[in-house]
Each structure stands twice: as C-alpha cells, then as structure tokens.
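**Q** See upload-v2.cif below, with mmCIF, C-alpha atoms.
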data_data
loop_
_atom_site.label_atom_id
_atom_site.label_comp_id
_atom_site.auth_asym_id
_atom_site.auth_seq_id
_atom_site.Cartn_x
_atom_site.Cartn_y
_atom_site.Cartn_z
CA MET A 36 22.45 -0.43 -8.09
CA ALA A 37 21.85 -3.48 -10.30
CA THR A 38 21.24 -5.74 -7.28
CA SER A 39 18.82 -3.28 -5.73
CA LEU A 40 16.88 -3.11 -9.01
CA LEU A 41 16.82 -6.92 -9.27
CA HIS A 42 15.58 -7.21 -5.69
CA GLY A 43 12.99 -4.56 -6.48
CA LEU A 44 11.77 -6.46 -9.52
CA ILE A 45 11.58 -9.80 -7.66
CA GLY A 46 9.76 -8.14 -4.77
CA GLY A 47 7.39 -6.46 -7.22
CA VAL A 48 6.56 -9.79 -8.86
CA LEU A 49 5.87 -11.28 -5.40
CA ILE A 50 3.53 -8.36 -4.63
CA GLY A 51 1.77 -9.00 -7.95
CA CYS A 52 1.43 -12.70 -7.11
CA ALA A 53 -0.10 -11.75 -3.76
CA ALA A 54 -2.69 -9.54 -5.51
CA ILE A 55 -3.49 -12.37 -7.96
CA LEU A 56 -3.77 -14.95 -5.15
CA MET A 57 -6.18 -12.69 -3.28
CA MET A 58 -8.44 -12.19 -6.31
CA PHE A 59 -8.20 -15.83 -7.39
CA SER A 60 -9.08 -17.24 -3.97
CA ILE A 61 -11.60 -14.85 -2.41
CA GLY A 62 -12.28 -12.38 -5.24
CA ARG A 63 -10.96 -9.31 -3.46
CA ILE A 64 -8.62 -6.45 -4.39
CA ALA A 65 -5.44 -6.49 -2.26
CA GLY A 66 -5.73 -2.83 -1.27
CA ILE A 67 -4.10 -2.33 2.10
CA SER A 68 -5.70 0.98 3.16
CA GLY A 69 -9.21 -0.26 2.31
CA ILE A 70 -8.77 -3.64 3.98
CA ALA A 71 -7.24 -2.17 7.14
CA SER A 72 -9.64 0.79 7.50
CA HIS A 73 -12.71 -1.44 7.12
CA ALA A 74 -11.23 -4.02 9.49
CA LEU A 75 -10.85 -1.28 12.11
CA PHE A 76 -13.94 0.85 11.60
CA SER A 77 -16.71 -1.18 9.98
CA ARG A 78 -19.13 -3.21 12.07
CA PRO A 79 -17.32 -6.47 12.93
CA ARG A 80 -18.85 -9.49 11.19
CA LEU A 81 -17.59 -13.01 10.73
CA SER A 82 -17.79 -12.51 6.93
CA GLN A 83 -15.18 -9.74 7.30
CA ALA A 84 -12.66 -11.84 9.23
CA TRP A 85 -10.53 -12.26 6.08
CA ARG A 86 -9.51 -8.58 6.46
CA TRP A 87 -7.85 -9.29 9.81
CA ALA A 88 -6.24 -12.45 8.40
CA PHE A 89 -4.68 -10.41 5.57
CA ILE A 90 -3.37 -7.82 8.04
CA ILE A 91 -1.92 -10.51 10.32
CA GLY A 92 -0.13 -11.95 7.26
CA LEU A 93 1.34 -8.51 6.54
CA LEU A 94 2.37 -7.95 10.15
CA ILE A 95 4.21 -11.26 10.54
CA SER A 96 5.85 -11.16 7.09
CA PRO A 97 9.12 -9.54 8.29
CA LEU A 98 9.52 -12.33 10.86
CA ILE A 99 9.06 -14.93 8.12
CA VAL A 100 11.63 -13.16 5.92
CA VAL A 101 14.13 -13.25 8.78
CA SER A 102 13.45 -16.89 9.67
CA LEU A 103 13.73 -18.00 6.03
CA GLY A 104 16.96 -16.04 5.69
CA LEU A 105 15.64 -14.11 2.67
CA PRO A 106 17.45 -10.89 1.77
CA GLY A 107 15.97 -7.47 2.45
CA ASN A 108 16.79 -4.53 0.21
CA VAL A 109 17.53 -1.79 2.70
CA ALA A 110 19.80 0.95 1.40
CA PHE A 111 23.36 0.71 2.81
CA SER A 112 22.77 -2.63 4.54
CA SER A 113 22.30 -6.21 3.44
CA GLU A 114 21.55 -7.58 6.91
CA VAL A 115 18.79 -5.26 8.07
CA VAL A 116 15.29 -6.18 6.86
CA LEU A 117 13.28 -3.07 7.80
CA GLY A 118 14.58 0.47 7.42
CA ASP A 119 14.49 3.21 10.05
CA PRO A 120 12.37 6.38 10.03
CA LEU A 121 14.02 9.47 8.52
CA VAL A 122 12.08 12.25 10.24
CA PRO A 123 11.29 13.17 13.87
CA TRP A 124 8.08 11.93 15.49
CA PRO A 125 5.94 15.07 15.09
CA VAL A 126 6.49 14.92 11.32
CA MET A 127 5.71 11.18 11.37
CA ALA A 128 2.45 11.88 13.22
CA ILE A 129 1.36 14.61 10.80
CA ALA A 130 2.30 12.38 7.87
CA GLY A 131 0.26 9.54 9.34
CA LEU A 132 -2.83 11.74 9.59
CA CYS A 133 -2.38 12.90 5.97
CA ILE A 134 -1.94 9.29 4.81
CA GLY A 135 -5.06 8.12 6.67
CA LEU A 136 -7.33 10.97 5.57
CA GLY A 137 -5.96 10.95 2.03
CA THR A 138 -6.21 7.21 1.36
CA GLY A 139 -9.61 7.20 3.08
CA TRP A 140 -11.05 9.92 0.85
CA SER A 141 -9.45 8.61 -2.35
CA HIS A 142 -10.31 4.97 -1.49
CA GLY A 143 -6.85 3.51 -2.05
CA CYS A 144 -3.12 3.75 -1.57
CA THR A 145 -0.06 2.47 -3.41
CA SER A 146 -1.45 -1.09 -3.40
CA GLY A 147 -5.11 -0.54 -4.30
CA HIS A 148 -4.64 2.32 -6.80
CA GLY A 149 -0.95 1.92 -7.65
CA VAL A 150 -0.67 -1.85 -8.18
CA CYS A 151 -4.19 -3.31 -8.60
CA GLY A 152 -5.80 -0.21 -10.13
CA LEU A 153 -3.12 0.38 -12.76
CA ALA A 154 -3.18 -3.35 -13.61
CA ARG A 155 -6.94 -3.04 -14.21
CA LEU A 156 -6.33 0.07 -16.35
CA SER A 157 -8.74 1.99 -14.10
CA PRO A 158 -8.99 5.71 -14.95
CA ARG A 159 -9.63 6.60 -11.28
CA SER A 160 -6.51 4.74 -10.18
CA LEU A 161 -4.40 6.28 -12.94
CA VAL A 162 -5.44 9.78 -11.85
CA ALA A 163 -4.92 8.91 -8.15
CA THR A 164 -1.47 7.37 -8.75
CA MET A 165 -0.25 10.25 -10.90
CA THR A 166 -1.55 12.68 -8.26
CA PHE A 167 0.07 11.05 -5.22
CA VAL A 168 3.39 10.39 -6.96
CA THR A 169 3.52 14.02 -8.15
CA THR A 170 2.62 15.53 -4.77
CA ALA A 171 5.03 13.18 -2.98
CA MET A 172 7.86 14.17 -5.35
CA SER A 173 7.01 17.86 -4.85
CA THR A 174 6.97 17.38 -1.07
CA VAL A 175 10.37 15.69 -1.07
CA GLY A 176 11.79 18.31 -3.45
CA LEU A 177 10.50 21.10 -1.25
CA THR A 178 11.68 19.64 2.08
CA HIS A 179 15.04 18.83 0.48
CA SER A 180 15.59 22.40 -0.67
CA LEU A 181 14.48 23.74 2.72
CA ARG A 182 16.89 21.48 4.57
CA VAL A 183 19.98 22.38 2.53
CA MET B 60 -10.25 -21.39 4.26
CA ASN B 61 -11.04 -17.82 3.14
CA CYS B 62 -9.05 -16.52 6.07
CA LEU B 63 -6.15 -18.85 5.38
CA MET B 64 -5.88 -17.61 1.78
CA ALA B 65 -6.14 -13.97 2.90
CA LEU B 66 -3.41 -14.65 5.46
CA LEU B 67 -1.16 -16.20 2.80
CA SER B 68 -1.83 -13.27 0.44
CA GLY B 69 -0.92 -10.78 3.15
CA LEU B 70 2.19 -12.78 3.97
CA LEU B 71 3.30 -12.92 0.33
CA PHE B 72 2.54 -9.22 -0.13
CA GLY B 73 4.64 -8.38 2.93
CA ILE B 74 7.54 -10.59 1.84
CA GLY B 75 7.45 -8.77 -1.51
CA LEU B 76 7.63 -5.42 0.28
CA VAL B 77 10.63 -6.50 2.37
CA VAL B 78 12.53 -8.19 -0.49
CA SER B 79 11.98 -5.16 -2.74
CA GLY B 80 13.22 -2.74 -0.07
CA MET B 81 10.01 -0.72 0.11
CA THR B 82 10.00 -1.07 3.91
CA ASP B 83 12.98 1.28 3.92
CA PRO B 84 11.82 4.93 3.76
CA GLN B 85 15.32 5.80 2.52
CA ARG B 86 14.64 3.85 -0.70
CA VAL B 87 11.21 5.42 -1.13
CA VAL B 88 12.40 8.98 -0.55
CA GLY B 89 15.39 8.20 -2.80
CA PHE B 90 12.91 7.50 -5.60
CA LEU B 91 10.74 10.54 -4.86
CA ASP B 92 13.80 12.85 -4.75
CA VAL B 93 14.14 13.38 -8.50
CA THR B 94 16.46 16.35 -8.09
CA GLY B 95 18.88 14.51 -5.81
CA ASP B 96 20.71 11.18 -6.07
CA TRP B 97 17.79 9.37 -7.74
CA ASP B 98 17.08 5.75 -6.70
CA PRO B 99 15.00 3.96 -9.39
CA THR B 100 14.25 0.86 -7.23
CA LEU B 101 10.60 1.80 -6.59
CA MET B 102 10.00 1.96 -10.33
CA ALA B 103 11.22 -1.64 -10.73
CA VAL B 104 8.94 -2.70 -7.86
CA LEU B 105 5.86 -0.95 -9.24
CA GLY B 106 6.64 -2.09 -12.80
CA GLY B 107 7.11 -5.73 -11.75
CA ALA B 108 3.98 -5.68 -9.59
CA VAL B 109 1.72 -3.97 -12.15
CA LEU B 110 2.85 -6.19 -15.06
CA THR B 111 2.42 -9.40 -13.04
CA THR B 112 -0.98 -8.32 -11.74
CA PHE B 113 -2.07 -7.16 -15.22
CA VAL B 114 -1.37 -10.58 -16.74
CA GLY B 115 -2.87 -12.44 -13.75
CA PHE B 116 -6.08 -10.35 -13.67
CA ARG B 117 -6.51 -10.87 -17.43
CA LEU B 118 -6.37 -14.63 -16.95
CA LEU B 119 -8.68 -14.46 -13.90
CA ARG B 120 -11.36 -12.58 -15.85
CA ARG B 121 -11.80 -15.72 -17.95
CA LEU B 122 -12.78 -17.67 -14.84
CA GLY B 123 -16.45 -17.29 -13.98
CA ARG B 124 -15.89 -16.92 -10.24
CA PRO B 125 -13.14 -17.05 -7.65
CA TRP B 126 -12.12 -20.31 -6.02
CA LEU B 127 -13.68 -19.76 -2.58
CA SER B 128 -16.24 -17.04 -3.13
CA ALA B 129 -19.35 -16.38 -5.25
CA THR B 130 -18.17 -13.39 -7.31
CA PHE B 131 -15.08 -11.41 -8.21
CA GLU B 132 -15.40 -8.05 -6.45
CA TRP B 133 -13.88 -5.90 -9.21
CA PRO B 134 -14.22 -2.19 -8.42
CA THR B 135 -16.76 -0.63 -10.76
CA ARG B 136 -16.45 3.15 -10.37
CA ARG B 137 -14.95 5.04 -13.30
CA ASP B 138 -15.91 8.63 -12.46
CA LEU B 139 -13.34 11.19 -11.36
CA ASP B 140 -14.32 13.34 -8.41
CA ARG B 141 -12.87 15.82 -5.97
CA PRO B 142 -12.36 13.41 -3.03
CA LEU B 143 -10.23 11.21 -5.29
CA VAL B 144 -7.85 14.01 -6.31
CA ILE B 145 -7.75 15.85 -2.98
CA GLY B 146 -7.35 12.59 -1.07
CA ALA B 147 -4.56 11.40 -3.35
CA SER B 148 -2.78 14.78 -2.95
CA LEU B 149 -3.02 14.55 0.82
CA PHE B 150 -1.73 10.98 0.75
CA GLY B 151 1.17 12.08 -1.49
CA LEU B 152 2.03 14.80 1.05
CA GLY B 153 2.17 12.28 3.90
CA TRP B 154 4.05 9.75 1.80
CA GLY B 155 6.66 12.35 0.79
CA LEU B 156 7.05 13.70 4.33
CA SER B 157 7.67 10.28 5.91
CA GLY B 158 8.61 7.83 3.13
CA TYR B 159 5.92 5.44 4.41
CA CYS B 160 2.75 4.30 2.69
CA PRO B 161 0.21 2.14 4.59
CA GLY B 162 1.69 -1.33 3.85
CA PRO B 163 5.32 -0.60 4.78
CA ALA B 164 4.12 1.39 7.81
CA LEU B 165 2.26 -1.67 9.13
CA LEU B 166 5.32 -3.89 8.56
CA ALA B 167 7.58 -1.35 10.26
CA LEU B 168 5.57 -1.72 13.50
CA ASN B 169 7.92 -4.71 13.98
CA THR B 170 10.85 -2.34 14.49
CA GLY B 171 9.19 -1.21 17.75
CA ASP B 172 10.05 2.37 16.81
CA LEU B 173 7.63 4.64 18.67
CA SER B 174 7.44 7.20 15.85
CA VAL B 175 6.29 4.43 13.47
CA TRP B 176 3.60 3.44 15.98
CA GLY B 177 2.63 7.12 16.16
CA LEU B 178 2.35 7.31 12.38
CA VAL B 179 0.17 4.18 12.23
CA ILE B 180 -2.11 5.38 15.05
CA MET B 181 -2.55 8.76 13.34
CA MET B 182 -3.19 6.95 10.04
CA ALA B 183 -5.98 4.99 11.73
CA VAL B 184 -7.37 8.25 13.13
CA GLY B 185 -7.34 9.61 9.57
CA TRP B 186 -9.21 6.55 8.26
CA TRP B 187 -11.81 6.97 10.99
CA ALA B 188 -12.21 10.67 10.23
CA ALA B 189 -12.44 10.04 6.47
CA GLN B 190 -15.23 7.50 7.03
CA ARG B 191 -17.06 9.88 9.36
CA TRP B 192 -16.69 13.03 7.28
CA SER B 193 -17.07 11.89 3.71
CA TRP B 194 -17.38 14.47 0.99
CA GLN B 195 -20.59 16.04 -0.29
CA ARG B 196 -20.33 15.94 -4.03
#
Would you mind writing the structure in this file as structure tokens?

**A**
Amino acid sequence: MATSLLHGLIGGVLIGCAAILMMFSIGRIAGISGIASHALFSRPRLSQAWRWAFIIGLLISPLIVVSLGLPGNVAFSSEVVLGDPLVPWPVMAIAGLCIGLGTGWSHGCTSGHGVCGLARLSPRSLVATMTFVTTAMSTVGLTHSLRV
Amino acid sequence: MNCLMALLSGLLFGIGLVVSGMTDPQRVVGFLDVTGDWDPTLMAVLGGAVLTTFVGFRLLRRLGRPWLSATFEWPTRRDLDRPLVIGASLFGLGWGLSGYCPGPALLALNTGDLSVWGLVIMMAVGWWAAQRWSWQR
C-alpha cells in the first residue's frame, strides 16, 4: 500500500510538471479531452499541429516507460505497465460514448478540470470534478452491489 | 519548437500516468469503490498533480507571456451551466463503468485490446456528437 501511494505521488508530480511545461512553453492547458477532440474534429491548420504532437507524446509514453525500465503501478503486478480492461466490450463501448459526450459537453476531463482546473481554483472545474467523482463512485457502488 | 514542447509535455504526462498506476482500471475502480476494499492511490496522484500545478501556475502568472507563444491561454469562463453538470455526470458514469478516463484510454491503445480500441472510437464519436449538438442555454 505504501509503495503504491508513493508511486501515485511521484506520478502525480510528473503529471503536474507536464501541465506546467505545457503552459510555460506554449501557454496551453494540458486538458486531454479538449486537445484530442479539437485535433480530431476542428478544421486542420498548421497552427493546431501541437495538439497532434501532444497526443503522439501520450501514445508513445508507455513504450518510453518500458525502454527506460521505469516501474508501473499496476495492482497485483510490478512488471506489467498497463492494466487490462475489467468489463466486457459492450460496456466499454457504452462507457466510451458517455465519456466522449460528457467531456465534450462539460469541456474537460480528469486532466483539464481535475488537475489544471482545480490548480487554478476554477469554480467550474470544482463543480465538474465533484460531479464526475460523485457519479463515478455511485456507478461503481451500484454495479458492485448488482454483481454480488 | 512548439510541437516539440507539446510532444515532451504529452510524453511526461503519459509517463506520470503509467508510473502512478492510473493506466490500470483496477486501481481507478479501487478508488471509486468506497464501500469495498478502498484503494487511495488515485487521491495521492490527484493531490500530487494539483499541488505541483498550483505552485507552478502561480509562478507562471508572474511571467508576462509563455516562452514560445504570445499569450497564456488561461480559461476565462466562471459561470456554471447545465452542460457542465450534465456532461460531468455523463463522464462520471462512463468513468465508473469502465475505469478509464480519456488519457489512460489513449495510453491503453498500446495493449492492442480490441475493447479499449472500441472505447476510444466511441469516445471520439461522443466528442464529434458533442461538438455537433451543443446545448441551447
């Protein structure tokens, strides 16, 4: 438990450093849903190429972790770097649609509202974060009690 | 240069997600499951990230402008509206069902798991739909 918390804290500080680096260098919020959705569905312009660069960085990061021999923090395993899905594919598909619509309408996910927004003390992000954490906890509580 | 810095930021962000364990839906659901065998890891991640970013953003606000760009693009909206709350609820539902939020889902494409690819494709469909059908206030 203590190691997983320490890994969590170190990882969290790295995520914070990434958000700072992004704002320091190009003046942008490191919000993943916003960056990715605009990269995919806004008119492509050269001035927007940084969005794709950020996403490529995200996509190759697990390979870098493996090649550097850094530890992952997957429950029950110290060797595996990425965890496996917990639910069957139809549930994954429905969840994906909810995540896309929801982060699209609320303009942010765990990174934009949760990390950057809370750090800016934004009232919108505070409300969004409290809302999605509460509904996610209720969803897990409900599915848990249905399963048992 | 802008793209290089964005790439490095994305890389660092992703390494943080892997090192913290947030790419493992088991850890995420373990945090969300307050009635079960509660896993506090996500709280350490969010706490570490928010505190670091808070201090960093404070220092950055003293700079007039970013290194490679004309202005800091700080979000300006402060109003609370229905799309914010309904959207966040819907996101929470999807997050709780799967244990994935957008960042970890993108990283997990590397597993080659088809259900992860399905989730990401449906997430993109959701983004497209949300841009097309935005809310009338």

**Q** Measure the distance from atom CA of A:Ser68 to atom CA of A:Gly143 in Å and round it to one decimal.

**A** 5.9 Å

**Q** Grab the atom CA of B:Val78 to atom CA of A:Val100 distance for me, in Å with one decimal place.

**A**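 Straight-line distance from atom CA of B:Val78 to atom CA of A:Val100 works out to 8.2 Å.
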
**Q** Any idea what's packed within 10 Å of stretch 106-121 of chain B, counting all atoms listed in the file, ignoring anything in its chain fewer than 5 positions away? Could you give it as a ChimeraX atom specification?

**A** /A:43-56,58-59,62,146,149-156 /B:75,100-101,131,133

**Q** Give me the result of the PyMOL selection byres ((chain A) within 6 of (chain B)) on this file, residue by residue, as a PyMOL selection string.

**A** chain A and resi 40+42-44+46-51+53+55+57+59-63+72+85+88-89+92-94+96+107-109+117-118+124+127-128+130-141+150+154+159+163+166-167+170-172+174-176

**Q** Using the selection just defined, write its residues with C-alpha atoms as a PDB file, in the frame of the given file.

**A**
ATOM      1  CA  LEU A  40      16.880  -3.110  -9.010  1.00  0.00           C
ATOM      2  CA  HIS A  42      15.580  -7.210  -5.690  1.00  0.00           C
ATOM      3  CA  GLY A  43      12.990  -4.560  -6.480  1.00  0.00           C
ATOM      4  CA  LEU A  44      11.770  -6.460  -9.520  1.00  0.00           C
ATOM      5  CA  GLY A  46       9.760  -8.140  -4.770  1.00  0.00           C
ATOM      6  CA  GLY A  47       7.390  -6.460  -7.220  1.00  0.00           C
ATOM      7  CA  VAL A  48       6.560  -9.790  -8.860  1.00  0.00           C
ATOM      8  CA  LEU A  49       5.870 -11.280  -5.400  1.00  0.00           C
ATOM      9  CA  ILE A  50       3.530  -8.360  -4.630  1.00  0.00           C
ATOM     10  CA  GLY A  51       1.770  -9.000  -7.950  1.00  0.00           C
ATOM     11  CA  ALA A  53      -0.100 -11.750  -3.760  1.00  0.00           C
ATOM     12  CA  ILE A  55      -3.490 -12.370  -7.960  1.00  0.00           C
ATOM     13  CA  MET A  57      -6.180 -12.690  -3.280  1.00  0.00           C
ATOM     14  CA  PHE A  59      -8.200 -15.830  -7.390  1.00  0.00           C
ATOM     15  CA  SER A  60      -9.080 -17.240  -3.970  1.00  0.00           C
ATOM     16  CA  ILE A  61     -11.600 -14.850  -2.410  1.00  0.00           C
ATOM     17  CA  GLY A  62     -12.280 -12.380  -5.240  1.00  0.00           C
ATOM     18  CA  ARG A  63     -10.960  -9.310  -3.460  1.00  0.00           C
ATOM     19  CA  SER A  72      -9.640   0.790   7.500  1.00  0.00           C
ATOM     20  CA  TRP A  85     -10.530 -12.260   6.080  1.00  0.00           C
ATOM     21  CA  ALA A  88      -6.240 -12.450   8.400  1.00  0.00           C
ATOM     22  CA  PHE A  89      -4.680 -10.410   5.570  1.00  0.00           C
ATOM     23  CA  GLY A  92      -0.130 -11.950   7.260  1.00  0.00           C
ATOM     24  CA  LEU A  93       1.340  -8.510   6.540  1.00  0.00           C
ATOM     25  CA  LEU A  94       2.370  -7.950  10.150  1.00  0.00           C
ATOM     26  CA  SER A  96       5.850 -11.160   7.090  1.00  0.00           C
ATOM     27  CA  GLY A 107      15.970  -7.470   2.450  1.00  0.00           C
ATOM     28  CA  ASN A 108      16.790  -4.530   0.210  1.00  0.00           C
ATOM     29  CA  VAL A 109      17.530  -1.790   2.700  1.00  0.00           C
ATOM     30  CA  LEU A 117      13.280  -3.070   7.800  1.00  0.00           C
ATOM     31  CA  GLY A 118      14.580   0.470   7.420  1.00  0.00           C
ATOM     32  CA  TRP A 124       8.080  11.930  15.490  1.00  0.00           C
ATOM     33  CA  MET A 127       5.710  11.180  11.370  1.00  0.00           C
ATOM     34  CA  ALA A 128       2.450  11.880  13.220  1.00  0.00           C
ATOM     35  CA  ALA A 130       2.300  12.380   7.870  1.00  0.00           C
ATOM     36  CA  GLY A 131       0.260   9.540   9.340  1.00  0.00           C
ATOM     37  CA  LEU A 132      -2.830  11.740   9.590  1.00  0.00           C
ATOM     38  CA  CYS A 133      -2.380  12.900   5.970  1.00  0.00           C
ATOM     39  CA  ILE A 134      -1.940   9.290   4.810  1.00  0.00           C
ATOM     40  CA  GLY A 135      -5.060   8.120   6.670  1.00  0.00           C
ATOM     41  CA  LEU A 136      -7.330  10.970   5.570  1.00  0.00           C
ATOM     42  CA  GLY A 137      -5.960  10.950   2.030  1.00  0.00           C
ATOM     43  CA  THR A 138      -6.210   7.210   1.360  1.00  0.00           C
ATOM     44  CA  GLY A 139      -9.610   7.200   3.080  1.00  0.00           C
ATOM     45  CA  TRP A 140     -11.050   9.920   0.850  1.00  0.00           C
ATOM     46  CA  SER A 141      -9.450   8.610  -2.350  1.00  0.00           C
ATOM     47  CA  VAL A 150      -0.670  -1.850  -8.180  1.00  0.00           C
ATOM     48  CA  ALA A 154      -3.180  -3.350 -13.610  1.00  0.00           C
ATOM     49  CA  ARG A 159      -9.630   6.600 -11.280  1.00  0.00           C
ATOM     50  CA  ALA A 163      -4.920   8.910  -8.150  1.00  0.00           C
ATOM     51  CA  THR A 166      -1.550  12.680  -8.260  1.00  0.00           C
ATOM     52  CA  PHE A 167       0.070  11.050  -5.220  1.00  0.00           C
ATOM     53  CA  THR A 170       2.620  15.530  -4.770  1.00  0.00           C
ATOM     54  CA  ALA A 171       5.030  13.180  -2.980  1.00  0.00           C
ATOM     55  CA  MET A 172       7.860  14.170  -5.350  1.00  0.00           C
ATOM     56  CA  THR A 174       6.970  17.380  -1.070  1.00  0.00           C
ATOM     57  CA  VAL A 175      10.370  15.690  -1.070  1.00  0.00           C
ATOM     58  CA  GLY A 176      11.790  18.310  -3.450  1.00  0.00           C
TER      59      GLY A 176
END

**Q** What is the distance between atom CA of A:Thr178 and atom CA of A:Thr164, in Å to one decimal?

**A**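 Pair atom CA of A:Thr178 / atom CA of A:Thr164 returns 21.0 Å.
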
**Q** Taking all atoms of stretch 73-85 of chain B that the file lists and extending 3 Å past them on each side, where is the centre of the axis-aligned box and how long are its edges? Answer in Å to one decimal, as JSON.

**A**
{"center_x": 10.0, "center_y": -2.4, "center_z": 0.6, "size_x": 16.7, "size_y": 22.4, "size_z": 12.7}

**Q** List as a VMD selection string the residues having at least one atom at most 6 Å from position (-2.4, -2.6, -1.6) as given in the file, counting all atoms listed in the file.

**A** chain A and resid 65 to 67 145 to 147
